[in-house]
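Everything below concerns the one structure shown next.
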Amino acid sequence: ENANKFTHKEVEGELNDLKKMWVLMLATVLLLSACSSGGDGGSAAGGGDEKANEITIWAWDKAFNVAAMETAKEAYAKENPDLKVNIIEYAQADIIQKLNTGLNSGTSSGLPNIVLIEDYRAQSFLNAYPDAFKDLSSNITASDFADYKLGPTAFDGKQYGVPFDSGVAGLYYRTDLLEQAGYQ
């Protein structure tokens with residue numbers, strides 16, 4: 001019974017390690033996207049209104065995505081104090097609409113350097129606007145991520161997104177009702 005119990009200190013240590021991993025991963029998202037913004041001015045990855053040493057991030061879900069980007073911003077600022085990071089919160093539907101409108105216009109003016117969208121939506125953007133996003137294949141190590149998380153942000157053998165979360169699902173059922181129905 002005691003073999004499955006952890007001390008407060010062990011749990012705290014694990015949580016601190018987990019926090020460090022998340023900060024590193026989120027800082028990497030910022031680093032890769034900032035480095036990938038290039039200077040062509042015409043790509044959506046670059047953001048059309050970008051200023052030197054400034055990046056813009058669109059995110060949804062203040063409690064998770066925006067909070068994660070704020071944590072990454074703080075960590076990244078320690079090593080890059082001259083970089084200004086603008087995190088703009090929109091509703092998810094607004095992000096999708098603004099991306100479609102901006103990308104359909106053929107200009108990157110007003111688009112962010114980094115955008116957080118659900119991975120299942122990425123394929124529609126990559127298919128519709130194949131030249132609008134920066135290939136990050138040489139910037140990440142694919143084996144660091146689960147295949148099912150990389151797949152939705154890959155297109156034509158190239159990686160265009162950096163996954164940083166994974167949802168959890170559970171199935172609960174009442175055994176008494178199943179038994180009453182004749183199942184064992």
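Ligands are numbered from 1 in the order shown, chains are lettered A, B, ... in the order of the structure tokens, and residues start at 1 in each chain.
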### Near-Leu150 (chain A) list (10 Å; only C-alpha atoms; drop same-chain fewer than 6 positions) as number ranges by chain
A: 119, 142-144, 159-163
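For Ser124 (chain A), the set of protein, DNA and RNA residues having any atom at most 12 Å away, when counting only C-alpha atoms and skipping those fewer than 2 positions along the same chain, is Ile96, Leu99, Asn100, Ile117, Glu118, Asp119, Tyr120, Arg121, Ala122, Leu126, Asn127, Ala128, Tyr129, Pro130, Pro152, Thr153, Ala154 and Phe155 of chain A.
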